[in-house]
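Novice: Before I ask anything, let me first share the structure, which is written out below as structure tokens.
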Amino acid sequence: MPLFNFLLASILYGLLFVTSSPVKAEQPFKCSLESIASELGEQAMLNEFVQTKQVTILKKPLISKGYLLISDDNQVIWQTQQPIKSTLLIGQQTLRQFNKNDQPVMSPANNNQKMSQLISSTFLAILAGDFEKLDNHFSVALDCTETRWSIELEASSNDMKPIITNINISGQNHIETLSFTEASGDSTQLVLSPSTDPDLINQLRSYVIH
Amino acid sequence: MSSTKVKALIWALIILLSAGLFYKQLHDGIQVETNILKLLPETEVDPFAEKAFAQFSDNNFKQIIIGLKSNSSNELEPVAASLVNQLQQTQLIERFNTQISEAEQEIIAELIFKHRFHLLNSKDRGLMLTEGAEPFVEHSLQMIYSPLSGQLLPLIAQDPLLLSYRYLQQAVANSSSRHSNTQVVGDFLKVIDSGQQVLILSARLKESPFDTRTQEEIAGLLDQFSEQNPQVELLTTGALFYAQYAAASAKSEISTIGLGSLLGVIALLIVAFRSTAPLLMTMTSLATGIFIGFTTVHIVFGSIHILTMVFGASLVGVAVDYAFHYFSSAVHHRRPLSHIFIAILMGLVSSIIGYIALFMAPFPGLQQMAIFCIAGLIGAFLTVSLLFDVFQYKVSTPGPFIALLTGHQSFSRKLAHPALFIILLGLPVFAGYLLLDTDRANDNIRQLQAAPQQLTDQEAELTRIISAPATNQFFLVRAESDEQLLQTLSQYNDDLDELVSRKVIDQYSHLAQWVPSRAQQQSDYQLIGQQLSQSKLSSLFDTGLLDPSSYQTLFDTYKASESDYLSLSDWLDSPIGQRLSYLWLGKIEGDSAAIISISNIQDLAALEQLAQTHDDLYFINKVDKVSELFSNYRELATLMLLLACLAIFALLLAKYTIKIAYHVIFAPIIAASVAIIVTTLIAGSFNLFSTLALFLVVGIGIDYGLFYAEAQSRSIYIHLAVTLSATTTFLSFGLLSLSETPAIHAFGLTMLTGILTVFLLSPIVGNRLYRIKGLDNG
């Protein structure tokens with residue numbers, strides 16, 4: 001039983017939220033990594049997400065909803081609200097997790113940081129539009145229609161292949177969907193939409209101070 | 001057959017006997033010990049604690065830690081990987097502790113998973129007792145909805161509360177460093193230390209760190225690695241590196257000191273007697289002494305310590321005294337033995353009294369040195385008294401040399417005023433005052449080890465970086481059975497947690513954190529069973545990950561595993577158990593023993609106090625205990641020396657008048673005082689090893705006094721014997737003061753000043769003795 005992989009899984013947890021930061025773009029769109037990257041430079045602080053997980057052993061998908069906030073000091077607050085509330089606070093070096101009563105719970109052990117670093121760096125690179133950094137682990141393909149763009153990342157390194165096989169990001173003015181397939185065959189799709197609810201922003205920010 | 005021949009025959013038989021014994025030892029293998037712990041006395045009142053420490057340290061000594069440090073960011077890993085590879089190729093490494101292969105990780109996970117219905121960490125147990133299954137189910141749900149939970153999902157059906165995951169996670173957290181800047185990168189532990197990255201590699205040696213081949217190969221490999229990778233700074237620590245350094249310096253000292261004194265003796269003999277026969281005979285007596293000393297120590301102790309050999313190398317200086325006295329006397333007499341026999345016999349007896357006092361200390365290192373010297377001196381004495389008369393010697397001492405001695409002699413004569421003998425008595429008083437005032441801090445175990453600053457700095461740096469558990473300070477727990485041991489260990493959790501919260505210690509680690517006692521596992525099994533009801537797991541049913549059929553399987557598995565306890569032996573066999581096996585000491589004196597390792601101790605007294613309130617808990621603190629012991633021995637040795645002086649004085653009184661006896665013992669006592677004063681002024685304090693040197697100063701000083709006391713006529717040749725003897729003693733012990741081992745250095749320094757004083761005082765005392773004996777006509 002690959003229990004150690006659980007450890008990883010829980011860490012990955014924390015890393016993916018980053019992907020949810022959406023992108024704002026106003027200028028006419030040109031189909032190149034550079035122009036997408038520049039669009040991704042400005043991101044909405046708060047995003048609502050709907051996560052749909054297709055698990056090979058289950059007939060029906062696992063669906064969860066919540067919010068993602070990128071705080072001013074570059075920490076990310078990732079809060080699942082349905083079906084169960086849980087909050088993750090991800091900083092540069094720290095990872096804290098709170099249960100539905102906002103009590104801190106066991107944070108993932110610092111094992112397998114190599115893997116967590118790999119994944120966090122991948123998604124940070126995606127969000128920052130720093131696509132060159134992805135070359136180490138992925139082959140990048142770009143596809144555009146008149147209004148939409150889509151980036152397909154296929155794992156190419158031996159470090160990445162056992163974790164994620166491919167990632168797809170697509171959007172118009174901002175990242176609208178992000179989906180990826182794990183080596184196990186399970187796939188996850190996140191649909192993001194920007195939000196500006198000031199109460200939510202304050203509620204989520206309070207975790208930073210916790 | 002003449003008596004001379006009979007005596008020579010006896011000598012030959014003795015030599016044959018020792019040669020036979022030596023051959024047997026050679027055949028069985030000569031054991032040269034370099035582990036300084038073998039020199040140390042037992043510090044624990046309880047032999048159980050002593051054995052436990054020995055076992056722990058033997059195990060711990062096999063550990064080496066290497067840190068690679070570099071300013072640049074990316075280059076370290078491949079470099080470190082190549083180092084691992086090179087180390088592996090030596091076949092000297094049993095395993096690398098910082099690395100756990102994927103296969104090993106699976107084995108560990110498998111083991112914990114198998115026993116998941118019996119294992120709860122103390123936090124989870126508390127949580128389950130107060131809140132039941134709810135927080136566990138919630139945690140599982142959180143995990144299920146996390147984006148990358150794929151590999152974990154199939155497990156929910158078999159372990160819906162993720163107990164195996166939680167247990168493993170907590171145990172890993174307990175035994176890994178709490179530093180948030182520590183991470184596992186590839187195969188290494190990576191620490192960011194003030195902006196610099198340090199990769200830590202920890203390995204366990206196959207052989208003892210005192211194994212010469214291991215020492216040389218590993219040290220050589222690391223040197224070579226440093227040369228090839230100048231951009232990487234290597235930090236190393238472990239008994240291996242200390243042992244390698246100490247052994248190398250001891251070896252070079254044995255050769256410097258041994259060779260130095262030997263050459264000195266040869267030169268002196270040639271100058272003083274202008275004949276090769278005395279040279280050959282003196283060498284014979286020396287060789288016999290050292291040979292018998294070595295053989296005897298090896299028989300008595302089963303091995304010989306390298307520091308005994310360093311010390312023994314200086315025996316050269318003492319053992320030649322008898323030969324010198326013989327040949328000095330040979331200038332006058334055809335058969336000099338009868339003229340000097342009483343003097344050298346008394347000298348031998350007084351030296352032996354001194355060494356017996358040394359032997360009385362329950363201190364293996366000192367006992368070994370005492371045996372070496374007693375046996376060695378007897379060997380040299382026997383050679384002089386049994387063999388020397390076989391040949392006849394034509395010796396004459398060159399005129400200028402005699403003139404020099406005569407000059408010194410008559411100068412001393414002018415000084416030999418009774419007033420001097422009273423004024424000088426102020427010195428012992430002052431020395432006594434200094435001794436009472438001596439700083440105890442200097443009585444330290446590190447006195448026994450030549451350790452370059454570089455190594456101790458690296459050790460301090462590595463210990464700080466990885467917050468490693470202390471290796472000579474830990475708790476020892478004793479119980480009647482393994483089961484009881486595990487129960488006892490977890491009983492201390494509250495006390496230890498309290499110490500952690502008071503910041504007395506940073507962290508602690510013991511077996512029961514991994515393997516709870518059977519009783520605990522039994523009750524946890526019941527507790528877990530109560531949580532596995534369908535209703536409590538309903539929200540997991542909602543996800544579809546649990547269904548009636550998988551629930552039935554889960555329930556059946558739970559029922560079937562009732563007696564499936566995680567056993568200590570299974571855990572110890574696992575990859576994680578192998579790495580943490582130092583926590584387990586096995587059976588000692590019929591009882592089970594384990595340690596609780598502690599890191600970053602801030603307050604020793606608090607730990608000792610905890611141990612004192614529990615009978616089965618010991619706090620082991622070897623370094624401090626040894627230092628304390630050194631202090632006690634220093635005081636004991638000083639007392640023994642006083643007693644030895646009284647015993648020798650009593651012996652002298654049996655043969656001489658009180659006036660002569662007083663003068664014989666006067667020079668050594670003044671010399672010892674001067675040595676105390678000078679050493680204290682130069683070294684800042686007077687430690688155990690300097691105290692031991694005083695035994696020799698007194699022993700040799702009395703020899704000189706006896707040479708004069710036994711003189712039947714005023715003769716410059718006694719002064720010749722004393723001068724030759726003092727010069728060689730000087731040479732050998734002076735060389736000892738160059739030693740890098742602080743203990744030997746202190747010893748040498750005290751000897752140097754003591755013998756110099758004795759040498760200067762002897763002719764003065766001699767002149768007084770002549771006057772007292774009415775030989776004042778020269």
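So you can find residues: chains in the structure tokens are A, B, ... in the order shown, residues in each start at 1, and ligands are numbered from 1 in order.
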Using only C-alpha atoms, determine which residues lie at most 8 Å from stretch 52-60 of chain A, disregarding the query and same-chain residues fewer than 3 positions distant; provide the list as number ranges by chain.
Specialist: A: 63-64, 185-190; B: 145, 147, 150, 154, 544-545
Novice: With a distance cut-off of 8 Å and only C-alpha atoms, select the neighbouring residues of A:Gln79, excluding the residue or stretch itself and same-chain residues fewer than 6 positions from it, and output the selection as a PyMOL selection string.
Specialist: chain A and resi 66-68+85-88+204
Novice: One decimal, in Å: what's the spacing between atom CA of B:Asp506 and atom CA of B:Gln578?
Specialist: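 Between atom CA of B:Asp506 and atom CA of B:Gln578 the gap is 23.7 Å.
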Novice: Which residue is closest to B:Tyr565? Choose from B:Ala519, B:Leu337, B:Leu585, B:Ile192 and count only C-alpha atoms.
Specialist: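 Between B:Ala519, B:Leu337, B:Leu585, B:Ile192, the residue approaching B:Tyr565 most closely is B:Ala519.
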Novice: At a cut-off of 10 Å, using only C-alpha atoms, what residues contact B:Ala661? Leave out same-chain residues fewer than 3 positions from it and give the result as a PyMOL selection string.
Specialist: chain B and resi 648-658+664-666+702+705-706+709+769
Novice: Do you have the atom CA of B:Ser538-atom CA of B:Lys123 distance handy?
Specialist: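 Separating atom CA of B:Ser538 from atom CA of B:Lys123 is a distance of 24.1 Å.
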Novice: Could you pull the residues within 12 Å of A:Asn99, counting only C-alpha atoms, minus those fewer than 5 positions along the same chain, as a compact mmCIF listing (two decimals) with N, CA, C and O atoms, in the first residue's frame?
Specialist:
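As a result, around06.txt now contains:
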# COMPACT_ATOMS: atom_id res chain seq x y z
N GLN A 79 -9.84 27.33 0.56
CA GLN A 79 -10.90 26.86 1.45
C GLN A 79 -11.95 26.07 0.68
O GLN A 79 -12.61 26.61 -0.21
N THR A 80 -12.06 24.80 1.04
CA THR A 80 -13.16 24.02 0.49
C THR A 80 -14.35 24.27 1.41
O THR A 80 -14.21 24.25 2.63
N GLN A 81 -15.52 24.54 0.80
CA GLN A 81 -16.67 24.80 1.67
C GLN A 81 -17.69 23.67 1.62
O GLN A 81 -18.39 23.42 2.57
N ILE A 84 -17.41 19.53 2.80
CA ILE A 84 -16.93 19.70 4.17
C ILE A 84 -15.96 20.88 4.17
O ILE A 84 -15.16 21.03 3.24
N LYS A 85 -16.07 21.68 5.17
CA LYS A 85 -15.19 22.85 5.20
C LYS A 85 -13.81 22.46 5.70
O LYS A 85 -13.66 21.77 6.71
N SER A 86 -12.84 22.87 4.94
CA SER A 86 -11.47 22.73 5.43
C SER A 86 -10.65 23.82 4.76
O SER A 86 -10.96 24.25 3.66
N THR A 87 -9.63 24.28 5.48
CA THR A 87 -8.88 25.41 4.98
C THR A 87 -7.39 25.10 5.01
O THR A 87 -6.89 24.56 6.00
N LEU A 88 -6.76 25.46 3.95
CA LEU A 88 -5.31 25.28 3.86
C LEU A 88 -4.67 26.64 3.69
O LEU A 88 -5.14 27.47 2.93
N LEU A 89 -3.62 26.83 4.44
CA LEU A 89 -2.88 28.08 4.31
C LEU A 89 -1.49 27.72 3.80
O LEU A 89 -0.76 26.97 4.44
N PRO A 104 -6.43 24.12 14.14
CA PRO A 104 -5.32 23.60 13.34
C PRO A 104 -5.27 22.07 13.44
O PRO A 104 -5.50 21.52 14.51
N VAL A 105 -5.06 21.42 12.36
CA VAL A 105 -4.88 19.97 12.39
C VAL A 105 -3.48 19.64 11.92
O VAL A 105 -2.78 20.47 11.35
N MET A 106 -3.12 18.41 12.21
CA MET A 106 -1.83 17.89 11.82
C MET A 106 -1.47 18.34 10.40
O MET A 106 -2.21 18.12 9.47
N SER A 107 -0.35 18.99 10.30
CA SER A 107 0.05 19.37 8.95
C SER A 107 0.88 18.23 8.37
O SER A 107 1.48 17.47 9.09
N TYR A 207 -7.13 33.84 8.24
CA TYR A 207 -6.28 32.65 8.47
C TYR A 207 -4.81 33.00 8.48
O TYR A 207 -4.01 32.34 9.12
N GLU B 134 -15.63 11.19 14.66
CA GLU B 134 -15.94 12.35 13.83
C GLU B 134 -14.73 13.10 13.26
O GLU B 134 -14.64 13.28 12.04
N PRO B 135 -13.79 13.52 14.11
CA PRO B 135 -12.65 14.25 13.52
C PRO B 135 -11.86 13.40 12.53
O PRO B 135 -11.26 13.94 11.59
N PHE B 136 -11.86 12.11 12.72
CA PHE B 136 -11.14 11.23 11.82
C PHE B 136 -11.85 11.14 10.46
O PHE B 136 -11.21 11.20 9.41
N VAL B 137 -13.18 11.00 10.54
CA VAL B 137 -13.95 10.93 9.29
C VAL B 137 -13.80 12.24 8.52
O VAL B 137 -13.59 12.25 7.31
N GLU B 138 -13.85 13.34 9.24
CA GLU B 138 -13.68 14.63 8.59
C GLU B 138 -12.34 14.75 7.91
O GLU B 138 -12.21 15.26 6.80
N HIS B 139 -11.34 14.31 8.61
CA HIS B 139 -9.99 14.35 8.03
C HIS B 139 -9.94 13.52 6.74
O HIS B 139 -9.39 13.94 5.73
N SER B 140 -10.56 12.35 6.82
CA SER B 140 -10.59 11.50 5.62
C SER B 140 -11.29 12.22 4.48
O SER B 140 -10.83 12.19 3.33
N LEU B 141 -12.39 12.89 4.80
CA LEU B 141 -13.12 13.60 3.75
C LEU B 141 -12.26 14.72 3.15
O LEU B 141 -12.23 14.92 1.94
N GLN B 142 -11.58 15.42 3.99
CA GLN B 142 -10.69 16.47 3.50
C GLN B 142 -9.67 15.90 2.52
O GLN B 142 -9.39 16.47 1.49
N MET B 143 -9.17 14.76 2.90
CA MET B 143 -8.17 14.12 2.03
C MET B 143 -8.82 13.68 0.71
O MET B 143 -8.23 13.81 -0.35
Novice: Calculate how many Å separate atom CA of B:Gln602 from atom CA of B:Ile620, rounding to one decimal.
Specialist: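 Straight-line distance from atom CA of B:Gln602 to atom CA of B:Ile620 works out to 15.2 Å.
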Novice: Give me, as a tab-separated table (two decimals) with N, CA, C and O atoms, in the first residue's frame, all polymer residues having an atom no more than 8 Å from A:Phe180, counting only C-alpha atoms and skipping those fewer than 2 positions away in the same chain.
Specialist:
chain	number	residue	atom	x	y	z
A	164	ILE	N	2.01	13.19	-12.23
A	164	ILE	CA	1.01	13.76	-13.13
A	164	ILE	C	1.42	13.43	-14.56
A	164	ILE	O	2.59	13.59	-14.92
A	165	THR	N	0.47	13.00	-15.34
A	165	THR	CA	0.84	12.69	-16.72
A	165	THR	C	0.61	13.88	-17.64
A	165	THR	O	1.41	14.14	-18.52
A	166	ASN	N	-0.49	14.61	-17.43
A	166	ASN	CA	-0.64	15.83	-18.21
A	166	ASN	C	-1.51	16.87	-17.52
A	166	ASN	O	-2.28	16.55	-16.62
A	167	ILE	N	-1.34	18.11	-17.97
A	167	ILE	CA	-2.08	19.23	-17.39
A	167	ILE	C	-2.63	20.05	-18.55
A	167	ILE	O	-1.94	20.26	-19.56
A	168	ASN	N	-3.87	20.48	-18.41
A	168	ASN	CA	-4.44	21.35	-19.44
A	168	ASN	C	-4.97	22.62	-18.78
A	168	ASN	O	-5.65	22.57	-17.77
A	178	LEU	N	-8.71	24.38	-15.31
A	178	LEU	CA	-7.40	23.75	-15.16
A	178	LEU	C	-7.69	22.29	-14.87
A	178	LEU	O	-8.45	21.98	-13.95
A	182	GLU	N	-3.69	12.32	-13.11
A	182	GLU	CA	-2.63	11.73	-12.30
A	182	GLU	C	-2.18	10.41	-12.92
A	182	GLU	O	-2.89	9.82	-13.74
A	187	SER	N	-8.63	11.86	-12.73
A	187	SER	CA	-8.45	13.20	-13.28
A	187	SER	C	-9.25	14.21	-12.48
A	187	SER	O	-10.26	13.89	-11.87
A	188	THR	N	-8.76	15.41	-12.48
A	188	THR	CA	-9.36	16.47	-11.69
A	188	THR	C	-9.55	17.70	-12.56
A	188	THR	O	-8.65	18.06	-13.33
A	189	GLN	N	-10.71	18.31	-12.44
A	189	GLN	CA	-10.91	19.55	-13.20
A	189	GLN	C	-11.34	20.64	-12.24
A	189	GLN	O	-12.20	20.44	-11.39
Novice: So that I can check the secondary structure, give me every residue of stretch 26-79 of chain B assigned alpha helix (DSSP H) by backbone DSSP, as a list in words.
Specialist: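 Written out, the alpha helix (DSSP H) residues of stretch 26-79 of chain B are Leu26, His27, Asp28, Pro47, Phe48, Ala49, Glu50, Lys51, Ala52, Phe53, Ala54, Gln55, Phe56, Ser57, Asp58, Asn59, Asn60, Leu76, Glu77, Pro78 and Val79 of chain B.
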Novice: Keeping only C-alpha atoms, write those residues as a PDB file, in the first residue's frame.
Specialist:
ATOM      1  CA  LEU B  26      51.340 -12.749  18.253  1.00  0.00           C
ATOM      2  CA  HIS B  27      49.748 -15.945  17.119  1.00  0.00           C
ATOM      3  CA  ASP B  28      46.364 -15.012  18.621  1.00  0.00           C
ATOM      4  CA  PRO B  47      26.625  -2.071  36.496  1.00  0.00           C
ATOM      5  CA  PHE B  48      23.440  -2.240  34.455  1.00  0.00           C
ATOM      6  CA  ALA B  49      23.771   1.410  33.490  1.00  0.00           C
ATOM      7  CA  GLU B  50      27.462   0.914  32.746  1.00  0.00           C
ATOM      8  CA  LYS B  51      26.787  -1.992  30.398  1.00  0.00           C
ATOM      9  CA  ALA B  52      23.944  -0.156  28.760  1.00  0.00           C
ATOM     10  CA  PHE B  53      26.192   2.804  28.083  1.00  0.00           C
ATOM     11  CA  ALA B  54      28.912   0.590  26.641  1.00  0.00           C
ATOM     12  CA  GLN B  55      26.429  -1.033  24.315  1.00  0.00           C
ATOM     13  CA  PHE B  56      24.929   2.248  23.267  1.00  0.00           C
ATOM     14  CA  SER B  57      28.273   3.866  22.607  1.00  0.00           C
ATOM     15  CA  ASP B  58      29.608   0.893  20.652  1.00  0.00           C
ATOM     16  CA  ASN B  59      26.605   1.209  18.435  1.00  0.00           C
ATOM     17  CA  ASN B  60      26.678   4.956  18.278  1.00  0.00           C
ATOM     18  CA  LEU B  76      25.503  20.021  -4.512  1.00  0.00           C
ATOM     19  CA  GLU B  77      23.209  17.130  -5.275  1.00  0.00           C
ATOM     20  CA  PRO B  78      25.141  15.441  -8.074  1.00  0.00           C
ATOM     21  CA  VAL B  79      28.358  15.961  -6.124  1.00  0.00           C
TER      22      VAL B  79
END
Novice: List the spatial neighbours of B:Leu749 as a list in words - criterion: any atom at most 7 Å away, only C-alpha atoms, same-chain residues fewer than 5 positions off excluded.
Specialist: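 Listed by chain and then number, they are Thr679, Gly734 and Ser737 of chain B.
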Novice: Return the single residue from B:Leu17, B:Leu152, B:Lys503, B:Val300 that is closest to A:Ser184, with distances computed using only C-alpha atoms.
Specialist: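 Using only C-alpha atoms, the shortest distance to A:Ser184 belongs to B:Leu152.
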Novice: So, with only C-alpha atoms as the atoms that count, which of A:Leu69, A:Ala37, A:Asn158, A:Ala183 lies closest to A:Ser206?
Specialist: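 Checking each of A:Leu69, A:Ala37, A:Asn158, A:Ala183 against A:Ser206, counting only C-alpha atoms, the winner is A:Leu69.
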Novice: So that I can see what lies close to B:Ile353, please list as a short mmCIF file (atom, residue, chain, number, x, y, z; two decimals) with N, CA and C atoms, in the first residue's frame the residues with an atom at most 8 Å from it, counting only C-alpha atoms and leaving out residues fewer than 3 positions away in the same chain.
Specialist:
data_model
loop_
_atom_site.label_atom_id
_atom_site.label_comp_id
_atom_site.auth_asym_id
_atom_site.auth_seq_id
_atom_site.Cartn_x
_atom_site.Cartn_y
_atom_site.Cartn_z
N VAL B 349 62.15 -0.70 44.29
CA VAL B 349 61.06 -0.84 45.24
C VAL B 349 60.30 0.47 45.40
N SER B 350 61.04 1.58 45.46
CA SER B 350 60.31 2.84 45.65
C SER B 350 59.50 3.19 44.41
N ILE B 356 52.27 1.21 42.31
CA ILE B 356 51.17 0.47 42.93
C ILE B 356 50.09 1.45 43.37
N ALA B 357 50.53 2.59 43.85
CA ALA B 357 49.55 3.62 44.22
C ALA B 357 48.73 3.99 42.99
N ALA B 644 52.23 7.42 49.77
CA ALA B 644 53.39 6.74 49.19
C ALA B 644 54.68 7.35 49.74
N ILE B 648 57.46 5.37 51.76
CA ILE B 648 58.86 5.33 51.34
C ILE B 648 59.75 5.84 52.47
#
Novice: Restricting the calculation to only C-alpha atoms, which member of A:Phe138, A:Trp149, A:Phe131, A:Phe98 is positioned closest to chain B?
Specialist: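 With only C-alpha atoms as the atom set, the closest residue is A:Phe98.
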Novice: Kindly indicate which residue among B:Val515, B:Leu546, B:Ile257, B:Ala203 lies nearest to chain A, using only C-alpha atoms for the distances.
Specialist: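 Among the listed residues, B:Leu546 lies closest to chain A.
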Novice: Nearest to chain A among B:Arg518, B:His745, B:Arg116, B:Lys5, with distances taken over only C-alpha atoms: which residue is it?
Specialist: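 Answer, going by the shortest atom-to-atom distance: B:Arg116.
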